[in-house]
>>> print(open('query-v7.txt').read())   # compact mmCIF, C-alpha atoms
# COMPACT_ATOMS: atom_id res chain seq x y z
CA MET A 1 -45.54 22.26 12.05
CA ASP A 2 -41.95 21.68 11.06
CA GLN A 3 -40.50 24.75 9.40
CA THR A 4 -38.78 22.57 6.80
CA LEU A 5 -42.16 21.58 5.39
CA SER A 6 -42.83 25.16 4.27
CA ILE A 7 -39.60 25.55 2.38
CA ASN A 8 -38.97 24.74 -1.25
CA SER A 9 -36.53 26.16 -3.76
CA GLU A 10 -39.06 28.54 -5.33
CA PHE A 11 -39.87 29.96 -1.91
CA LEU A 12 -36.18 30.20 -0.97
CA ASN A 13 -35.42 32.18 -4.13
CA ARG A 14 -38.27 34.59 -3.54
CA PHE A 15 -37.50 35.07 0.14
CA GLU A 16 -33.82 35.52 -0.61
CA GLY A 17 -34.77 38.42 -2.88
CA TYR A 18 -36.66 40.09 -0.02
CA ALA A 19 -33.88 39.33 2.46
CA VAL A 20 -31.05 40.70 0.32
CA GLU A 21 -32.95 43.94 -0.24
CA GLY A 22 -33.70 44.01 3.48
CA VAL A 23 -30.07 43.72 4.60
CA LYS A 24 -28.94 46.34 2.08
CA SER A 25 -31.48 48.63 3.65
CA ALA A 26 -30.35 47.59 7.16
CA ALA A 27 -26.82 48.71 6.21
CA SER A 28 -28.26 52.16 5.47
CA GLY A 29 -29.77 52.19 8.96
CA PHE A 30 -26.40 51.29 10.48
CA SER A 31 -24.70 53.96 8.33
CA SER A 32 -27.13 56.67 9.40
CA MET A 33 -26.24 55.97 13.03
CA LEU A 34 -22.49 55.99 12.42
CA GLY A 35 -22.36 58.85 9.98
CA GLU A 36 -20.33 56.89 7.44
CA SER A 37 -21.39 54.69 4.58
CA LEU A 38 -21.49 50.94 5.20
CA LYS A 39 -22.47 48.06 2.97
CA ALA A 40 -23.92 44.66 3.79
CA GLN A 41 -21.08 42.24 3.01
CA ASP A 42 -21.89 38.92 1.33
CA PRO A 43 -25.41 38.53 2.71
CA THR A 44 -26.14 34.83 3.08
CA PHE A 45 -29.45 33.14 3.39
CA LYS A 46 -29.56 29.60 4.68
CA GLN A 47 -31.23 26.97 6.77
CA VAL A 48 -29.17 26.16 9.88
CA PRO A 49 -29.58 23.30 12.38
CA ILE A 50 -30.45 24.79 15.77
CA THR A 51 -27.62 22.92 17.49
CA GLU A 52 -25.07 24.57 15.17
CA ILE A 53 -26.05 28.16 15.98
CA PRO A 54 -23.49 28.89 18.76
CA LYS A 55 -20.68 27.37 16.68
CA LEU A 56 -21.35 29.83 13.86
CA LEU A 57 -20.40 32.73 16.09
CA GLY A 58 -16.99 31.62 17.33
CA GLY A 59 -18.14 29.07 19.92
CA PRO A 60 -20.63 29.21 22.79
CA GLU A 61 -18.20 30.69 25.37
CA THR A 62 -17.12 33.64 23.20
CA GLU A 63 -17.97 36.93 24.91
CA ALA A 64 -20.20 39.17 22.86
CA VAL A 65 -22.96 41.75 22.83
CA GLY A 66 -26.33 40.58 21.57
CA ILE A 67 -29.04 43.01 20.52
CA TYR A 68 -32.41 41.33 20.25
CA LEU A 69 -35.70 42.55 18.80
CA ARG A 70 -38.94 40.89 17.95
CA ALA A 71 -41.23 42.06 15.16
CA GLU A 72 -45.01 41.57 15.30
CA GLY A 73 -47.58 41.96 12.55
CA ASP A 74 -48.17 40.25 9.21
CA VAL A 75 -44.66 38.76 9.10
CA PRO A 76 -43.49 38.14 12.68
CA CYS A 77 -39.78 37.45 13.07
CA GLN A 78 -36.83 37.80 15.39
CA PHE A 79 -33.68 39.89 14.94
CA MET A 80 -30.35 39.36 16.64
CA LEU A 81 -27.22 41.40 16.10
CA VAL A 82 -24.13 39.78 17.60
CA ILE A 83 -20.93 41.82 18.01
CA PRO A 84 -17.72 40.51 19.66
CA LEU A 85 -17.31 42.31 23.02
CA VAL A 86 -14.06 44.13 22.15
CA ARG A 87 -15.46 45.26 18.79
CA SER A 88 -18.63 46.52 20.44
CA MET A 89 -16.57 48.77 22.74
CA GLU A 90 -14.81 50.22 19.68
CA LEU A 91 -18.20 50.75 18.11
CA VAL A 92 -19.48 52.59 21.19
CA ASP A 93 -16.47 54.94 21.05
CA LEU A 94 -17.31 55.69 17.44
CA LEU A 95 -21.02 56.19 18.16
CA LEU A 96 -20.41 58.47 21.12
CA ASP A 97 -17.62 60.33 19.32
CA GLN A 98 -15.03 59.33 21.91
CA ALA A 99 -11.32 58.59 21.53
CA PRO A 100 -10.64 54.90 20.73
CA GLY A 101 -10.17 52.87 23.92
CA THR A 102 -12.39 55.12 26.06
CA THR A 103 -15.11 52.52 26.59
CA LYS A 104 -14.02 49.90 29.14
CA GLU A 105 -17.37 48.47 30.19
CA MET A 106 -20.96 48.26 29.06
CA GLY A 107 -23.08 50.57 31.22
CA SER A 108 -26.60 51.77 30.47
CA LEU A 109 -25.44 54.55 28.11
CA GLU A 110 -23.27 52.16 26.08
CA ARG A 111 -26.07 49.56 25.92
CA SER A 112 -28.54 52.19 24.85
CA ALA A 113 -26.25 53.33 22.00
CA LEU A 114 -25.87 49.75 20.78
CA GLY A 115 -29.60 49.14 21.17
CA GLU A 116 -30.20 52.03 18.80
CA ILE A 117 -28.16 50.21 16.14
CA GLY A 118 -30.48 47.24 16.57
CA ASN A 119 -33.46 49.56 16.28
CA LEU A 120 -32.27 51.18 13.07
CA THR A 121 -31.00 48.07 11.27
CA SER A 122 -34.15 46.07 11.99
CA SER A 123 -36.48 48.98 11.19
CA TYR A 124 -34.76 49.58 7.85
CA PHE A 125 -34.92 45.84 7.12
CA LEU A 126 -38.64 45.71 7.93
CA ASN A 127 -39.41 48.86 5.94
CA SER A 128 -37.81 47.25 2.92
CA ILE A 129 -39.84 44.03 3.34
CA CYS A 130 -43.07 46.01 3.82
CA ARG A 131 -42.37 48.15 0.77
CA LEU A 132 -41.75 45.05 -1.37
CA THR A 133 -44.71 43.05 -0.12
CA GLY A 134 -47.28 45.60 1.03
CA LEU A 135 -47.40 43.85 4.42
CA SER A 136 -47.33 45.54 7.80
CA VAL A 137 -45.02 44.80 10.74
CA ARG A 138 -43.57 46.67 13.73
CA PRO A 139 -40.47 45.97 15.87
CA SER A 140 -40.28 45.79 19.68
CA PRO A 141 -37.81 47.94 21.62
CA PRO A 142 -34.31 46.38 21.61
CA ALA A 143 -32.95 44.22 24.45
CA VAL A 144 -29.16 44.38 24.85
CA MET A 145 -27.22 41.51 26.45
CA VAL A 146 -23.52 41.26 27.28
CA ASP A 147 -22.71 37.60 27.74
CA MET A 148 -21.45 34.35 26.24
CA VAL A 149 -22.64 33.69 22.69
CA GLY A 150 -24.29 30.42 23.76
CA ALA A 151 -26.34 32.19 26.43
CA ILE A 152 -27.31 35.02 24.05
CA MET A 153 -28.40 32.65 21.31
CA ASP A 154 -30.41 30.53 23.77
CA ILE A 155 -33.21 33.05 23.15
CA ILE A 156 -33.46 32.07 19.50
CA ILE A 157 -32.95 28.39 20.27
CA ALA A 158 -35.58 28.31 23.02
CA THR A 159 -38.19 30.16 20.98
CA CYS A 160 -37.69 28.00 17.86
CA GLY A 161 -36.40 24.73 19.32
CA GLY A 162 -39.73 23.25 20.30
CA ILE A 163 -41.17 23.26 16.82
CA SER A 164 -38.22 22.90 14.51
CA ASP A 165 -34.72 21.44 14.37
CA SER A 166 -33.54 24.20 12.06
CA VAL A 167 -34.03 27.91 11.50
CA LEU A 168 -34.01 29.96 8.35
CA LEU A 169 -31.63 32.83 8.72
CA VAL A 170 -30.29 35.83 6.90
CA GLN A 171 -26.76 36.73 7.95
CA THR A 172 -24.44 39.55 6.94
CA LYS A 173 -21.62 41.77 8.16
CA PHE A 174 -21.44 45.54 7.77
CA ALA A 175 -18.30 47.13 6.31
CA ASN A 176 -16.81 49.86 4.12
CA GLU A 177 -13.34 50.31 2.56
CA LYS A 178 -11.91 51.68 5.79
CA ARG A 179 -13.21 49.17 8.30
CA SER A 180 -15.30 46.12 8.93
CA PHE A 181 -17.73 45.97 11.80
CA GLU A 182 -17.86 42.39 12.89
CA THR A 183 -21.59 42.49 13.34
CA SER A 184 -23.58 39.40 12.53
CA PHE A 185 -27.11 40.40 11.65
CA TRP A 186 -29.57 37.53 12.03
CA VAL A 187 -33.16 37.52 10.90
CA ILE A 188 -35.21 34.49 11.90
CA PRO A 189 -38.72 34.48 10.43
CA ASP A 190 -41.54 32.76 12.32
CA ASN A 191 -43.40 29.91 10.62
CA LEU A 192 -46.36 32.24 10.08
CA SER A 193 -44.13 34.61 8.09
CA LEU A 194 -42.90 31.77 5.92
CA GLU A 195 -46.49 30.87 5.11
CA VAL A 196 -47.48 34.49 4.41
CA LEU A 197 -44.44 35.14 2.23
CA SER A 198 -44.79 31.83 0.41
CA THR A 199 -48.25 32.86 -0.82
CA LYS A 200 -47.15 36.42 -1.57
CA GLY A 201 -46.34 36.91 -5.23
CA ARG A 202 -47.66 33.47 -6.17
CA GLY A 203 -49.40 33.94 -9.46
CA MET B 1 -4.68 13.75 30.43
CA ASP B 2 -7.71 16.07 30.44
CA ASN B 3 -10.26 15.27 27.80
CA PRO B 4 -13.02 17.90 27.56
CA ILE B 5 -16.23 16.55 26.01
CA ALA B 6 -18.71 19.20 24.87
CA VAL B 7 -22.28 18.35 25.85
CA GLY B 8 -24.22 20.33 23.25
CA LEU B 9 -27.81 21.51 23.08
CA GLY B 10 -30.22 18.67 23.75
CA GLU B 11 -27.41 16.19 24.47
CA CYS B 12 -26.74 13.88 27.38
CA VAL B 13 -23.35 12.25 28.03
CA VAL B 14 -22.38 9.64 30.65
CA SER B 15 -18.74 8.79 31.43
CA LYS B 16 -16.65 6.86 33.92
CA ALA B 17 -13.30 7.58 32.27
CA ASN B 18 -10.82 9.45 34.48
CA GLY B 19 -9.63 12.54 32.63
CA ASP B 20 -12.96 13.18 30.94
CA ILE B 21 -14.46 16.60 31.62
CA LEU B 22 -18.09 16.94 30.55
CA VAL B 23 -18.72 20.56 29.57
CA ALA B 24 -21.94 22.45 28.84
CA TYR B 25 -20.71 25.75 27.39
CA GLY B 26 -22.56 29.07 27.50
CA LEU B 27 -25.86 28.11 29.11
CA GLY B 28 -28.44 30.88 29.04
CA SER B 29 -32.01 29.79 29.63
CA CYS B 30 -30.91 26.16 29.12
CA VAL B 31 -30.40 23.95 32.15
CA ALA B 32 -27.55 21.54 32.84
CA VAL B 33 -28.35 18.60 35.12
CA SER B 34 -25.41 16.62 36.53
CA MET B 35 -25.69 13.20 38.14
CA LEU B 36 -22.90 11.45 40.05
CA ASP B 37 -22.72 7.99 41.58
CA PRO B 38 -19.79 8.68 43.95
CA GLU B 39 -19.21 5.02 44.77
CA LYS B 40 -18.95 3.81 41.20
CA LYS B 41 -17.56 7.13 39.92
CA ILE B 42 -20.08 7.38 37.12
CA CYS B 43 -20.90 10.89 35.92
CA GLY B 44 -23.62 12.15 33.59
CA LEU B 45 -24.48 15.59 32.23
CA LEU B 46 -27.63 16.74 30.44
CA HIS B 47 -27.97 20.02 28.48
CA ALA B 48 -31.72 20.61 28.16
CA VAL B 49 -33.32 23.45 26.20
CA LEU B 50 -37.05 23.52 26.99
CA PRO B 51 -39.05 22.64 30.13
CA GLU B 52 -41.62 20.09 29.00
CA GLU B 53 -41.48 17.29 26.46
CA ILE B 54 -43.34 17.97 23.21
CA LYS B 55 -44.95 14.86 21.80
CA GLY B 56 -43.63 13.93 18.39
CA VAL B 57 -40.16 15.39 18.95
CA GLU B 58 -37.71 12.50 18.84
CA THR B 59 -34.88 13.97 20.92
CA ARG B 60 -36.13 13.50 24.48
CA THR B 61 -32.92 14.99 25.90
CA LYS B 62 -33.89 18.37 24.44
CA PHE B 63 -36.43 18.75 27.27
CA VAL B 64 -35.81 19.05 31.00
CA ASN B 65 -38.43 16.57 32.22
CA SER B 66 -37.85 13.76 29.70
CA GLY B 67 -34.11 14.56 29.60
CA ILE B 68 -33.74 13.86 33.32
CA GLU B 69 -35.48 10.50 32.81
CA GLU B 70 -33.11 9.70 29.94
CA LEU B 71 -30.06 10.76 31.95
CA LEU B 72 -31.07 8.54 34.89
CA HIS B 73 -31.69 5.67 32.49
CA SER B 74 -28.22 6.12 30.93
CA MET B 75 -26.61 6.33 34.39
CA GLU B 76 -28.30 3.10 35.50
CA LYS B 77 -27.36 1.42 32.24
CA ALA B 78 -23.73 2.33 32.97
CA GLY B 79 -24.03 0.68 36.41
CA ALA B 80 -25.04 3.58 38.69
CA LYS B 81 -27.43 2.99 41.60
CA LYS B 82 -30.34 5.43 41.76
CA GLU B 83 -30.27 5.69 45.56
CA LYS B 84 -26.61 6.78 45.49
CA ILE B 85 -26.99 9.47 42.83
CA VAL B 86 -26.09 13.06 43.69
CA VAL B 87 -27.79 15.70 41.50
CA ARG B 88 -26.71 19.29 40.85
CA ILE B 89 -28.25 21.76 38.41
CA ALA B 90 -27.15 25.04 36.81
CA GLY B 91 -28.46 27.52 34.25
CA GLY B 92 -32.02 28.68 33.73
CA ALA B 93 -31.16 32.37 33.40
CA ASN B 94 -33.63 34.86 31.97
CA MET B 95 -31.48 36.63 29.44
CA ILE B 96 -33.97 39.34 28.46
CA THR B 97 -34.97 41.81 31.12
CA ALA B 98 -36.00 44.72 28.89
CA PRO B 99 -39.59 45.94 29.18
CA GLY B 100 -41.91 45.15 26.31
CA PHE B 101 -41.15 41.45 26.15
CA SER B 102 -43.82 39.03 27.27
CA SER B 103 -43.40 36.32 29.87
CA SER B 104 -42.87 33.87 27.01
CA PHE B 105 -39.19 34.77 27.38
CA ASP B 106 -39.28 33.46 30.95
CA ILE B 107 -38.05 30.10 29.69
CA GLY B 108 -35.15 29.94 32.17
CA THR B 109 -37.50 30.09 35.15
CA ARG B 110 -39.75 27.44 33.62
CA ASN B 111 -36.77 25.18 32.92
CA VAL B 112 -35.66 25.36 36.54
CA ALA B 113 -39.22 24.74 37.81
CA SER B 114 -39.46 21.72 35.54
CA ALA B 115 -36.14 20.35 36.85
CA HIS B 116 -37.28 20.76 40.48
CA ALA B 117 -40.64 19.09 39.78
CA THR B 118 -39.12 16.20 37.84
CA LEU B 119 -36.41 15.48 40.43
CA ASN B 120 -39.03 15.61 43.17
CA LYS B 121 -41.33 13.25 41.29
CA MET B 122 -38.45 10.83 40.70
CA SER B 123 -37.29 11.07 44.34
CA LEU B 124 -33.85 12.32 43.33
CA PRO B 125 -32.53 14.75 45.98
CA LEU B 126 -30.94 17.97 44.70
CA LYS B 127 -27.55 18.57 46.33
CA SER B 128 -26.84 22.09 45.04
CA GLU B 129 -27.74 24.53 42.30
CA SER B 130 -26.68 27.75 40.56
CA VAL B 131 -29.78 28.92 38.72
CA GLY B 132 -31.69 31.99 37.55
CA GLY B 133 -30.42 35.55 37.30
CA HIS B 134 -29.61 37.19 34.01
CA VAL B 135 -26.18 35.79 33.16
CA GLY B 136 -24.86 32.86 31.17
CA ARG B 137 -22.90 29.99 32.71
CA THR B 138 -20.45 27.29 31.64
CA VAL B 139 -20.64 24.04 33.61
CA ARG B 140 -17.74 21.58 33.89
CA PHE B 141 -18.04 18.10 35.39
CA TYR B 142 -14.67 16.48 36.26
CA VAL B 143 -15.16 12.73 36.13
CA GLU B 144 -12.00 11.88 38.08
CA THR B 145 -12.99 13.93 41.14
CA GLY B 146 -16.76 14.15 40.70
CA GLN B 147 -16.39 17.92 41.06
CA VAL B 148 -18.87 20.20 39.23
CA THR B 149 -17.92 23.83 38.58
CA VAL B 150 -19.72 26.88 37.21
CA ARG B 151 -18.17 29.91 35.50
CA MET B 152 -20.08 33.06 34.64
CA ILE B 153 -18.97 35.76 32.17
CA GLY B 154 -15.91 37.62 33.47
CA GLY B 155 -15.72 35.29 36.48
CA VAL B 156 -13.68 32.30 37.61
CA GLU B 157 -14.66 28.66 37.97
CA ALA B 158 -16.34 27.99 41.32
CA ASN B 159 -17.47 24.70 42.83
CA LEU B 160 -21.17 23.97 42.60
>>> encode(input="query-v7.txt", output="structure tokens")
Amino acid sequence: MDQTLSINSEFLNRFEGYAVEGVKSAASGFSSMLGESLKAQDPTFKQVPITEIPKLLGGPETEAVGIYLRAEGDVPCQFMLVIPLVRSMELVDLLLDQAPGTTKEMGSLERSALGEIGNLTSSYFLNSICRLTGLSVRPSPPAVMVDMVGAIMDIIIATCGGISDSVLLVQTKFANEKRSFETSFWVIPDNLSLEVLSTKGRG
Amino acid sequence: MDNPIAVGLGECVVSKANGDILVAYGLGSCVAVSMLDPEKKICGLLHAVLPEEIKGVETRTKFVNSGIEELLHSMEKAGAKKEKIVVRIAGGANMITAPGFSSSFDIGTRNVASAHATLNKMSLPLKSESVGGHVGRTVRFYVETGQVTVRMIGGVEANL
């Protein structure tokens, strides 16, 4: 089934409500890890052609860290956090309470710290969705990749590309007054989730 | 003058213009298939996403098996001779190695297997390959020289 068939403006409005609440909650998860308050900046919710995905993140050869999780249950979906490589090293220094510039490469400790951000943001997002809908869902452990954006996003493209030419995504960045973490937070719901959520709340 | 042409997801480009560089950027599980007719200096590059064609999907170049057929067809249409064609492939990495993920993420391996099977079925010999592993690749195909290169993250361009 083509994902586009499930989507109409009424559904988009309702799902956007869930998604915006979800990313606000995800920002709380990120904040709890960092120890400082962050907000989800300009959360956007849109349908994107699959072939455009790498271009949205600075081009397919841009070096970045990708943190991937999959959620299973009533509303299966995929999560991907994408952080530019240099920014992710700054983030690791902050997470591990190190002087800026300490992190030079992404070893297992650094990957684990970043994976925990994926864990918390996606868990907070899912908790919010479950609270609003009464549905149940659980995330997988995070997988952390350090590579070109194109290669990282191939996971989303390969898992969605066979059935649809576009994906529905929720995207935001996390920031406070002092700093902006260039973290793109992507949520890509499976077709099954779109069907479940489209019937949810229908009077 | 160099003229890089991006060969995006599910695209296939054929060129015989000196100066053109066909580029498939940031391949993860995707596979790039290059074909060269060295005598006529015709070059073609495919950037395929999934291993097997799904009926009802219009873009045949999105898939490795039907994409290779389309690439050969485009090469022949441009004047290439099948028996002269040199094939090289790159990509097909498995980006996720973390435990807890099912083999459904093994798309890179399946893409490479599909390329091998299709080339074998079509009697197209494979000259060289840079496939598998857990890293992304960028493939460049220089039409003027017929040279194909691969670059991985943090690395330099190397001949394929």
>>> residues_near_point(input="query-v7.txt", point="(-28.2, 3.9, 39.8)", cutoff="12 Å", atoms="all atoms listed in the file", output="JSON, numbers by chain")
{"B": [35, 36, 37, 38, 39, 40, 41, 42, 43, 44, 71, 72, 73, 74, 75, 76, 77, 78, 79, 80, 81, 82, 83, 84, 85, 86, 87, 124]}
>>> atom_distance(input="query-v7.txt", atom1="atom CA of B:Arg88", atom2="atom CA of B:Lys55")
26.7 Å
>>> interface_residues(input="query-v7.txt", of="chain B", to="chain A", cutoff="6 Å", atoms="all atoms listed in the file", output="PyMOL selection string")
chain B and resi 9+25-28+98+136
>>> residues_around(input="query-v7.txt", residues="A:Glu16", least_positions_apart="4", cutoff="10 Å", atoms="all atoms listed in the file", output="list in words")
Glu10, Phe11, Leu12, Val20, Glu21, Gly22, Pro43, Thr44, Phe45, Lys46, Leu169 and Val170 of chain A
>>> residues_around(input="query-v7.txt", residues="A:Glu182", least_positions_apart="6", cutoff="8 Å", atoms="all atoms listed in the file", output="list in words")
Ile83, Pro84, Arg87, Lys173 and Phe174 of chain A
>>> atom_distance(input="query-v7.txt", atom1="atom CA of B:Leu22", atom2="atom CA of B:Tyr142")
6.7 Å
>>> closest_residue(input="query-v7.txt", among="A:Cys160, A:Val86, A:Ala113, A:Val196", to="A:Pro100", atoms="all atoms listed in the file")
A:Val86
>>> atom_distance(input="query-v7.txt", atom1="atom CA of A:Tyr18", atom2="atom CA of A:Ile129")
6.1 Å
>>> decode(input="query-v7.txt", residues="stretch 93-160 of chain A", atoms="C-alpha atoms", output="short mmCIF file (atom, residue, chain, number, x, y, z; two decimals), in the first residue's frame")
data_model
loop_
_atom_site.label_atom_id
_atom_site.label_comp_id
_atom_site.auth_asym_id
_atom_site.auth_seq_id
_atom_site.Cartn_x
_atom_site.Cartn_y
_atom_site.Cartn_z
CA ASP A 93 32.54 16.41 25.81
CA LEU A 94 29.49 17.96 27.42
CA LEU A 95 27.91 14.58 28.25
CA LEU A 96 31.10 13.17 29.74
CA ASP A 97 31.88 16.42 31.55
CA GLN A 98 35.16 16.89 29.68
CA ALA A 99 36.92 20.07 28.54
CA PRO A 100 35.80 21.19 25.06
CA GLY A 101 37.99 19.65 22.35
CA THR A 102 38.83 16.53 24.36
CA THR A 103 36.94 14.13 22.09
CA LYS A 104 38.87 13.48 18.88
CA GLU A 105 37.29 10.24 17.71
CA MET A 106 34.22 8.12 18.23
CA GLY A 107 35.15 5.06 20.29
CA SER A 108 32.76 2.71 22.08
CA LEU A 109 32.38 5.01 25.12
CA GLU A 110 31.55 8.03 22.95
CA ARG A 111 29.09 6.01 20.84
CA SER A 112 27.44 4.65 23.95
CA ALA A 113 26.95 8.17 25.35
CA LEU A 114 25.36 9.33 22.10
CA GLY A 115 23.26 6.16 21.93
CA GLU A 116 21.82 7.09 25.31
CA ILE A 117 20.58 10.38 23.85
CA GLY A 118 18.76 8.37 21.19
CA ASN A 119 17.33 6.14 23.90
CA LEU A 120 16.01 9.01 25.99
CA THR A 121 14.65 11.21 23.20
CA SER A 122 12.79 8.34 21.53
CA SER A 123 11.50 6.93 24.83
CA TYR A 124 10.17 10.32 25.89
CA PHE A 125 8.57 10.74 22.45
CA LEU A 126 6.91 7.33 22.65
CA ASN A 127 5.74 7.86 26.23
CA SER A 128 4.01 11.02 25.10
CA ILE A 129 2.29 9.26 22.17
CA CYS A 130 1.21 6.37 24.41
CA ARG A 131 -0.15 8.75 27.04
CA LEU A 132 -2.17 10.63 24.42
CA THR A 133 -3.51 7.59 22.61
CA GLY A 134 -3.55 4.79 25.18
CA LEU A 135 -1.49 2.65 22.77
CA SER A 136 1.53 0.57 23.68
CA VAL A 137 4.97 0.60 22.02
CA ARG A 138 8.58 -0.15 23.00
CA PRO A 139 11.89 0.98 21.45
CA SER A 140 14.84 -1.21 20.43
CA PRO A 141 18.35 -0.53 21.77
CA PRO A 142 20.05 2.27 19.79
CA ALA A 143 22.49 1.64 16.91
CA VAL A 144 25.11 4.37 16.47
CA MET A 145 26.77 4.99 13.10
CA VAL A 146 29.57 7.40 12.18
CA ASP A 147 29.49 7.85 8.43
CA MET A 148 28.30 9.85 5.44
CA VAL A 149 24.72 11.13 5.72
CA GLY A 150 23.73 9.26 2.55
CA ALA A 151 24.95 5.96 3.97
CA ILE A 152 23.27 6.58 7.34
CA MET A 153 19.95 7.49 5.78
CA ASP A 154 20.06 4.44 3.47
CA ILE A 155 18.54 2.55 6.42
CA ILE A 156 15.38 4.63 6.29
CA ILE A 157 15.35 4.66 2.49
CA ALA A 158 15.83 0.90 2.17
CA THR A 159 13.17 0.05 4.75
CA CYS A 160 10.57 2.43 3.26
#
